[in-house]
Amino acid sequence: MVADHPGGQKEGFNLVSYDLYLWAEPNPVTAEQAGDICNRLADGDEASTTPTARHLEFAAELVTHYPRLEDLTDVDDSPWNMSPDATDRRVILCMALSRAAEAGARILELADRYSLVCYDPSTRQVHHPAQTTPEGALRLEASDGSRIFSPTTEQIAQQVRRISRANWHAQLEREESIYVQIGLGRRAGAPEDRYSLEYRDGSAEQHYRAFIDNLDEAVVAFHGFVSNDAAWKAAHSWTQI
């Protein structure tokens, strides 16, 4: 997410600032939900987030590694365009794009430690703190960082149909090494503009792939995986990976 942020162009102009928004969230949120919260925070509306001392504690530890601008004699050594802005409801970080990768790993490490969501509005990616899947729950994840435990069939269909060049992958996992996933194009090992539908039933020898042309087929596969109906497997020609 932060450490892999691409270069400095967006919509025809140069980016000189890279912003991140962090807040405490009791449940995983989709990228759309995180984007909505971020927009409210950017407008000064903090009603959608929960007050906790963790925001201020996170910021206090972060500035021990990267001090506030007002505490420096040489601001050229700082990653900040603006000193970290923290309240008991959120943290806003504004960095120089050229220094984002450097500070990013530390920010995500602390976000995990203080159990804060970290949202990147420029790429619409959300990083959730490290979290164990509840016992017996399915976990639905996408390449934009979205994560949903025990998703409904509607949420599964919505997430699968969101697959695009920007959000190119989604996976539904029952337990470790037992999952179904969908990916678009070459990053997923598929021909350009086709989808790679894969499933794994445990061991590496039980990992299979089929190329498909539309996401409706993927929705059927994901729903079949949830209901343990193997009919979706019979609908495709599989190749062992």
# chains A, B, ... in the order shown; residues from 1 in each chain; ligands from 1
call {"tool": "residues_around", "arguments": {"residues": "segment 225-229 of chain A", "least_positions_apart": "4", "cutoff": "12 Å", "atoms": "only C-alpha atoms", "output": "PyMOL selection string"}}
result
chain A and resi 136-140+150-153+156-157+171-174+178-181+198-201+218-221+233-235
call {"tool": "write_last_selection", "arguments": {"atoms": "N, CA, C and O atoms", "output": "short mmCIF file (atom, residue, chain, number, x, y, z; two decimals), in the first residue's frame"}}
result
data_model
loop_
_atom_site.label_atom_id
_atom_site.label_comp_id
_atom_site.auth_asym_id
_atom_site.auth_seq_id
_atom_site.Cartn_x
_atom_site.Cartn_y
_atom_site.Cartn_z
N GLY A 136 -14.48 -20.45 12.10
CA GLY A 136 -15.64 -20.85 11.33
C GLY A 136 -16.14 -19.81 10.34
O GLY A 136 -17.11 -20.06 9.62
N ALA A 137 -15.51 -18.64 10.28
CA ALA A 137 -15.98 -17.57 9.41
C ALA A 137 -15.27 -17.60 8.06
O ALA A 137 -14.08 -17.90 7.98
N LEU A 138 -16.00 -17.29 7.02
CA LEU A 138 -15.40 -17.05 5.71
C LEU A 138 -14.79 -15.66 5.71
O LEU A 138 -15.30 -14.74 6.36
N ARG A 139 -13.72 -15.48 4.93
CA ARG A 139 -13.08 -14.17 4.81
C ARG A 139 -13.00 -13.80 3.34
O ARG A 139 -12.45 -14.52 2.53
N LEU A 140 -13.58 -12.65 3.00
CA LEU A 140 -13.57 -12.13 1.64
C LEU A 140 -12.64 -10.93 1.57
O LEU A 140 -12.82 -9.96 2.28
N SER A 150 -17.43 -13.32 7.21
CA SER A 150 -18.78 -13.87 7.08
C SER A 150 -19.64 -13.03 6.13
O SER A 150 -20.71 -12.55 6.49
N PRO A 151 -19.18 -12.82 4.89
CA PRO A 151 -19.93 -11.98 3.96
C PRO A 151 -21.25 -12.63 3.55
O PRO A 151 -21.38 -13.86 3.50
N THR A 152 -22.23 -11.79 3.26
CA THR A 152 -23.49 -12.27 2.72
C THR A 152 -23.30 -12.58 1.24
O THR A 152 -22.32 -12.16 0.61
N THR A 153 -24.26 -13.30 0.66
CA THR A 153 -24.18 -13.60 -0.77
C THR A 153 -24.20 -12.30 -1.59
O THR A 153 -23.55 -12.21 -2.64
N ILE A 156 -20.73 -10.78 -1.45
CA ILE A 156 -19.82 -11.54 -2.31
C ILE A 156 -20.01 -11.13 -3.76
O ILE A 156 -19.04 -10.85 -4.48
N ALA A 157 -21.25 -11.08 -4.21
CA ALA A 157 -21.51 -10.70 -5.60
C ALA A 157 -21.02 -9.28 -5.88
O ALA A 157 -20.42 -9.02 -6.94
N GLN A 171 -10.56 -12.76 -3.22
CA GLN A 171 -10.42 -14.14 -2.73
C GLN A 171 -11.40 -14.37 -1.59
O GLN A 171 -11.57 -13.52 -0.71
N LEU A 172 -12.03 -15.55 -1.61
CA LEU A 172 -12.92 -15.97 -0.54
C LEU A 172 -12.31 -17.22 0.09
O LEU A 172 -12.17 -18.26 -0.57
N GLU A 173 -11.93 -17.12 1.36
CA GLU A 173 -11.20 -18.19 2.03
C GLU A 173 -12.00 -18.77 3.17
O GLU A 173 -12.54 -18.03 4.00
N ARG A 174 -12.06 -20.11 3.21
CA ARG A 174 -12.74 -20.78 4.32
C ARG A 174 -11.77 -21.05 5.45
O ARG A 174 -12.09 -20.87 6.62
N ILE A 178 -7.67 -23.20 1.63
CA ILE A 178 -8.96 -23.63 1.07
C ILE A 178 -9.71 -22.37 0.67
O ILE A 178 -10.21 -21.62 1.52
N TYR A 179 -9.74 -22.08 -0.62
CA TYR A 179 -10.30 -20.82 -1.08
C TYR A 179 -10.69 -20.90 -2.55
O TYR A 179 -10.33 -21.83 -3.28
N VAL A 180 -11.43 -19.88 -2.98
CA VAL A 180 -11.70 -19.63 -4.38
C VAL A 180 -11.31 -18.18 -4.64
O VAL A 180 -11.46 -17.32 -3.76
N GLN A 181 -10.77 -17.88 -5.82
CA GLN A 181 -10.36 -16.52 -6.11
C GLN A 181 -10.54 -16.20 -7.58
O GLN A 181 -10.60 -17.10 -8.44
N GLU A 198 -9.75 -19.46 -9.85
CA GLU A 198 -8.94 -20.50 -9.23
C GLU A 198 -9.61 -21.00 -7.96
O GLU A 198 -10.35 -20.26 -7.30
N TYR A 199 -9.31 -22.25 -7.64
CA TYR A 199 -9.69 -22.75 -6.33
C TYR A 199 -8.59 -23.68 -5.81
O TYR A 199 -7.84 -24.27 -6.59
N ARG A 200 -8.51 -23.75 -4.51
CA ARG A 200 -7.55 -24.64 -3.85
C ARG A 200 -8.25 -25.37 -2.72
O ARG A 200 -8.94 -24.74 -1.92
N ASP A 201 -8.05 -26.69 -2.66
CA ASP A 201 -8.72 -27.51 -1.67
C ASP A 201 -7.78 -28.01 -0.59
O ASP A 201 -8.02 -29.05 0.03
N ALA A 218 -17.98 -16.12 -12.20
CA ALA A 218 -17.23 -16.07 -10.94
C ALA A 218 -18.17 -15.96 -9.76
O ALA A 218 -17.93 -16.60 -8.71
N VAL A 219 -19.23 -15.18 -9.88
CA VAL A 219 -20.20 -15.06 -8.78
C VAL A 219 -20.82 -16.42 -8.48
O VAL A 219 -20.95 -16.82 -7.31
N VAL A 220 -21.18 -17.17 -9.51
CA VAL A 220 -21.75 -18.51 -9.32
C VAL A 220 -20.74 -19.40 -8.59
O VAL A 220 -21.10 -20.15 -7.67
N ALA A 221 -19.47 -19.32 -8.98
CA ALA A 221 -18.43 -20.13 -8.34
C ALA A 221 -18.26 -19.76 -6.87
O ALA A 221 -18.18 -20.64 -6.00
N LYS A 233 -17.85 -26.37 -10.14
CA LYS A 233 -16.59 -26.94 -10.62
C LYS A 233 -16.80 -27.70 -11.92
O LYS A 233 -15.96 -27.65 -12.84
N ALA A 234 -17.94 -28.38 -12.04
CA ALA A 234 -18.22 -29.16 -13.25
C ALA A 234 -18.47 -28.26 -14.46
O ALA A 234 -18.43 -28.74 -15.60
N ALA A 235 -18.70 -26.98 -14.24
CA ALA A 235 -19.03 -26.07 -15.34
C ALA A 235 -17.79 -25.58 -16.09
O ALA A 235 -17.93 -24.89 -17.09
#
call {"tool": "select_by_dssp", "arguments": {"residues": "segment 62-132 of chain A", "states": "strand (DSSP E or B)", "output": "number ranges by chain"}}
result
A: 80-86, 91-96, 117-120, 125-127
call {"tool": "write_last_selection", "arguments": {"atoms": "N, CA and C atoms", "output": "short mmCIF file (atom, residue, chain, number, x, y, z; two decimals), in the first residue's frame"}}
result
data_model
loop_
_atom_site.label_atom_id
_atom_site.label_comp_id
_atom_site.auth_asym_id
_atom_site.auth_seq_id
_atom_site.Cartn_x
_atom_site.Cartn_y
_atom_site.Cartn_z
N TRP A 80 7.44 15.08 6.30
CA TRP A 80 6.15 15.75 6.42
C TRP A 80 6.05 17.00 5.55
N ASN A 81 4.91 17.16 4.90
CA ASN A 81 4.52 18.45 4.34
C ASN A 81 3.77 19.27 5.38
N MET A 82 3.16 18.56 6.31
CA MET A 82 2.44 19.15 7.44
C MET A 82 2.62 18.20 8.61
N SER A 83 2.82 18.71 9.79
CA SER A 83 2.99 17.85 10.95
C SER A 83 1.76 16.96 11.14
N PRO A 84 1.95 15.73 11.64
CA PRO A 84 0.80 14.85 11.88
C PRO A 84 -0.29 15.54 12.68
N ASP A 85 -1.52 15.40 12.21
CA ASP A 85 -2.69 16.05 12.81
C ASP A 85 -3.54 14.96 13.46
N ALA A 86 -3.57 14.93 14.78
CA ALA A 86 -4.28 13.86 15.50
C ALA A 86 -5.28 14.44 16.48
N VAL A 91 -6.40 10.37 12.73
CA VAL A 91 -5.07 10.91 12.45
C VAL A 91 -4.98 11.19 10.96
N ILE A 92 -4.46 12.36 10.60
CA ILE A 92 -4.24 12.71 9.20
C ILE A 92 -2.76 12.96 9.00
N LEU A 93 -2.18 12.28 8.02
CA LEU A 93 -0.76 12.41 7.71
C LEU A 93 -0.60 12.97 6.32
N CYS A 94 0.24 13.98 6.18
CA CYS A 94 0.48 14.64 4.90
C CYS A 94 1.98 14.63 4.65
N MET A 95 2.39 13.83 3.67
CA MET A 95 3.82 13.62 3.41
C MET A 95 4.21 14.10 2.03
N ALA A 96 5.51 14.33 1.87
CA ALA A 96 6.05 14.53 0.54
C ALA A 96 6.01 13.19 -0.18
N VAL A 117 -7.24 1.46 11.25
CA VAL A 117 -7.38 1.38 9.80
C VAL A 117 -6.54 2.50 9.19
N CYS A 118 -5.90 2.21 8.05
CA CYS A 118 -5.11 3.22 7.33
C CYS A 118 -5.62 3.27 5.90
N TYR A 119 -6.10 4.44 5.48
CA TYR A 119 -6.71 4.58 4.15
C TYR A 119 -5.91 5.54 3.29
N ASP A 120 -5.65 5.11 2.05
CA ASP A 120 -4.93 5.89 1.05
C ASP A 120 -5.93 6.37 0.00
N GLN A 125 -7.12 2.45 -1.43
CA GLN A 125 -6.78 1.22 -0.74
C GLN A 125 -6.90 1.40 0.77
N VAL A 126 -7.40 0.35 1.41
CA VAL A 126 -7.57 0.39 2.86
C VAL A 126 -6.74 -0.75 3.46
N HIS A 127 -5.94 -0.40 4.45
CA HIS A 127 -5.13 -1.38 5.18
C HIS A 127 -5.77 -1.60 6.54
#
call {"tool": "residues_around", "arguments": {"residues": "Asp36 of chain A", "least_positions_apart": "3", "cutoff": "12 Å", "atoms": "only C-alpha atoms", "output": "list of chain:residue names"}}
result
A:Tyr21, A:Val29, A:Thr30, A:Ala31, A:Glu32, A:Gln33, A:Asn39, A:Arg40, A:Leu41, A:Ala42, A:Asp43, A:Asp45, A:Glu46, A:Ser48, A:Thr49, A:Tyr119, A:Pro121, A:Arg124, A:Val126
call {"tool": "write_last_selection", "arguments": {"atoms": "N, CA, C and O atoms", "output": "JSON list (two decimals), in the first residue's frame"}}
result
[["chain", "number", "residue", "atom", "x", "y", "z"],
["A", 21, "TYR", "N", -5.13, 8.67, 5.96],
["A", 21, "TYR", "CA", -6.11, 8.88, 7.03],
["A", 21, "TYR", "C", -6.18, 7.60, 7.86],
["A", 21, "TYR", "O", -6.30, 6.50, 7.31],
["A", 29, "VAL", "N", -13.85, -2.71, 6.98],
["A", 29, "VAL", "CA", -14.68, -1.89, 6.11],
["A", 29, "VAL", "C", -14.25, -2.10, 4.66],
["A", 29, "VAL", "O", -13.11, -2.45, 4.39],
["A", 30, "THR", "N", -15.18, -1.92, 3.74],
["A", 30, "THR", "CA", -14.85, -1.99, 2.33],
["A", 30, "THR", "C", -14.12, -0.71, 1.93],
["A", 30, "THR", "O", -14.12, 0.30, 2.66],
["A", 31, "ALA", "N", -13.52, -0.72, 0.75],
["A", 31, "ALA", "CA", -12.84, 0.47, 0.25],
["A", 31, "ALA", "C", -13.83, 1.62, 0.08],
["A", 31, "ALA", "O", -13.50, 2.78, 0.34],
["A", 32, "GLU", "N", -15.08, 1.32, -0.35],
["A", 32, "GLU", "CA", -16.08, 2.37, -0.51],
["A", 32, "GLU", "C", -16.43, 3.00, 0.83],
["A", 32, "GLU", "O", -16.57, 4.23, 0.94],
["A", 33, "GLN", "N", -16.61, 2.16, 1.85],
["A", 33, "GLN", "CA", -16.93, 2.69, 3.18],
["A", 33, "GLN", "C", -15.78, 3.52, 3.72],
["A", 33, "GLN", "O", -16.00, 4.60, 4.29],
["A", 39, "ASN", "N", -13.65, 11.04, 3.27],
["A", 39, "ASN", "CA", -14.19, 12.29, 2.76],
["A", 39, "ASN", "C", -14.81, 13.12, 3.88],
["A", 39, "ASN", "O", -14.67, 14.35, 3.91],
["A", 40, "ARG", "N", -15.48, 12.46, 4.80],
["A", 40, "ARG", "CA", -16.08, 13.18, 5.93],
["A", 40, "ARG", "C", -14.98, 13.78, 6.82],
["A", 40, "ARG", "O", -15.10, 14.93, 7.27],
["A", 41, "LEU", "N", -13.94, 12.99, 7.06],
["A", 41, "LEU", "CA", -12.85, 13.51, 7.89],
["A", 41, "LEU", "C", -12.17, 14.68, 7.22],
["A", 41, "LEU", "O", -11.80, 15.66, 7.87],
["A", 42, "ALA", "N", -11.99, 14.60, 5.90],
["A", 42, "ALA", "CA", -11.35, 15.70, 5.16],
["A", 42, "ALA", "C", -12.19, 16.98, 5.26],
["A", 42, "ALA", "O", -11.65, 18.09, 5.22],
["A", 43, "ASP", "N", -13.52, 16.81, 5.39],
["A", 43, "ASP", "CA", -14.43, 17.96, 5.52],
["A", 43, "ASP", "C", -14.58, 18.42, 6.97],
["A", 43, "ASP", "O", -15.36, 19.33, 7.25],
["A", 45, "ASP", "N", -15.71, 16.52, 9.47],
["A", 45, "ASP", "CA", -16.79, 15.80, 10.15],
["A", 45, "ASP", "C", -16.21, 14.52, 10.75],
["A", 45, "ASP", "O", -15.88, 13.58, 10.03],
["A", 46, "GLU", "N", -16.10, 14.45, 12.07],
["A", 46, "GLU", "CA", -15.51, 13.30, 12.74],
["A", 46, "GLU", "C", -16.56, 12.41, 13.41],
["A", 46, "GLU", "O", -16.22, 11.47, 14.14],
["A", 48, "SER", "N", -18.32, 10.07, 12.26],
["A", 48, "SER", "CA", -18.39, 8.68, 11.80],
["A", 48, "SER", "C", -17.30, 7.80, 12.40],
["A", 48, "SER", "O", -17.26, 6.61, 12.14],
["A", 49, "THR", "N", -16.42, 8.38, 13.21],
["A", 49, "THR", "CA", -15.35, 7.59, 13.82],
["A", 49, "THR", "C", -15.51, 7.57, 15.34],
["A", 49, "THR", "O", -16.21, 8.40, 15.93],
["A", 119, "TYR", "N", -6.10, 4.44, 5.48],
["A", 119, "TYR", "CA", -6.71, 4.58, 4.15],
["A", 119, "TYR", "C", -5.91, 5.54, 3.29],
["A", 119, "TYR", "O", -5.53, 6.62, 3.71],
["A", 121, "PRO", "N", -6.36, 7.63, 0.05],
["A", 121, "PRO", "CA", -7.38, 8.10, -0.88],
["A", 121, "PRO", "C", -6.91, 8.18, -2.33],
["A", 121, "PRO", "O", -7.72, 8.15, -3.25],
["A", 124, "ARG", "N", -7.29, 4.53, -3.26],
["A", 124, "ARG", "CA", -8.52, 3.95, -2.71],
["A", 124, "ARG", "C", -8.25, 2.57, -2.09],
["A", 124, "ARG", "O", -9.07, 1.67, -2.19],
["A", 126, "VAL", "N", -7.40, 0.35, 1.41],
["A", 126, "VAL", "CA", -7.57, 0.39, 2.86],
["A", 126, "VAL", "C", -6.74, -0.75, 3.46],
["A", 126, "VAL", "O", -6.80, -1.89, 3.02]]
call {"tool": "closest_residue", "arguments": {"among": "A:Ala130, A:Ala24, A:Ala59, A:Ala231", "to": "Arg113 of chain A", "atoms": "only C-alpha atoms"}}
result
A:Ala130
call {"tool": "closest_residue", "arguments": {"among": "A:Leu108, A:Leu69, A:Ala142, A:Leu20", "to": "Ser122 of chain A", "atoms": "only C-alpha atoms"}}
result
A:Leu20
call {"tool": "closest_residue", "arguments": {"among": "A:Phe211, A:Glu25, A:Leu97, A:Glu141", "to": "Pro191 of chain A", "atoms": "only C-alpha atoms"}}
result
A:Phe211
call {"tool": "closest_residue", "arguments": {"among": "A:Ala230, A:Ala53, A:Leu116, A:Ala170", "to": "Pro28 of chain A", "atoms": "only C-alpha atoms"}}
result
A:Leu116
call {"tool": "select_by_dssp", "arguments": {"residues": "segment 99-156 of chain A", "states": "helix (DSSP H, G or I)", "output": "ChimeraX atom specification"}}
result
/A:99-113,153-156
call {"tool": "write_last_selection", "arguments": {"atoms": "N, CA and C atoms", "output": "short mmCIF file (atom, residue, chain, number, x, y, z; two decimals), in the first residue's frame"}}
result
data_model
loop_
_atom_site.label_atom_id
_atom_site.label_comp_id
_atom_site.auth_asym_id
_atom_site.auth_seq_id
_atom_site.Cartn_x
_atom_site.Cartn_y
_atom_site.Cartn_z
N ARG A 99 8.98 10.92 -0.09
CA ARG A 99 9.37 10.30 1.18
C ARG A 99 8.33 9.29 1.67
N ALA A 100 7.25 9.10 0.90
CA ALA A 100 6.15 8.25 1.37
C ALA A 100 6.59 6.81 1.56
N ALA A 101 7.37 6.29 0.62
CA ALA A 101 7.81 4.89 0.74
C ALA A 101 8.68 4.69 1.97
N GLU A 102 9.52 5.67 2.26
CA GLU A 102 10.42 5.59 3.41
C GLU A 102 9.64 5.50 4.71
N ALA A 103 8.65 6.35 4.88
CA ALA A 103 7.89 6.40 6.13
C ALA A 103 6.77 5.36 6.17
N GLY A 104 6.39 4.85 5.00
CA GLY A 104 5.22 3.99 4.92
C GLY A 104 5.27 2.74 5.76
N ALA A 105 6.41 2.04 5.73
CA ALA A 105 6.52 0.79 6.49
C ALA A 105 6.33 1.05 7.98
N ARG A 106 6.91 2.13 8.48
CA ARG A 106 6.78 2.46 9.90
C ARG A 106 5.33 2.80 10.23
N ILE A 107 4.66 3.53 9.35
CA ILE A 107 3.27 3.92 9.59
C ILE A 107 2.38 2.69 9.68
N LEU A 108 2.54 1.74 8.76
CA LEU A 108 1.72 0.54 8.78
C LEU A 108 2.04 -0.34 9.99
N GLU A 109 3.29 -0.39 10.37
CA GLU A 109 3.67 -1.15 11.56
C GLU A 109 2.96 -0.60 12.79
N LEU A 110 2.97 0.74 12.93
CA LEU A 110 2.31 1.35 14.08
C LEU A 110 0.79 1.24 13.98
N ALA A 111 0.26 1.33 12.76
CA ALA A 111 -1.18 1.17 12.59
C ALA A 111 -1.63 -0.21 13.06
N ASP A 112 -0.84 -1.22 12.75
CA ASP A 112 -1.15 -2.57 13.26
C ASP A 112 -1.09 -2.62 14.77
N ARG A 113 -0.04 -2.01 15.33
CA ARG A 113 0.16 -2.07 16.78
C ARG A 113 -0.97 -1.38 17.53
N THR A 153 -24.26 -13.30 0.66
CA THR A 153 -24.18 -13.60 -0.77
C THR A 153 -24.20 -12.30 -1.59
N GLU A 154 -24.93 -11.32 -1.12
CA GLU A 154 -24.97 -10.03 -1.83
C GLU A 154 -23.61 -9.34 -1.77
N GLN A 155 -22.97 -9.35 -0.61
CA GLN A 155 -21.65 -8.74 -0.49
C GLN A 155 -20.63 -9.45 -1.37
N ILE A 156 -20.73 -10.78 -1.45
CA ILE A 156 -19.82 -11.54 -2.31
C ILE A 156 -20.01 -11.13 -3.76
#
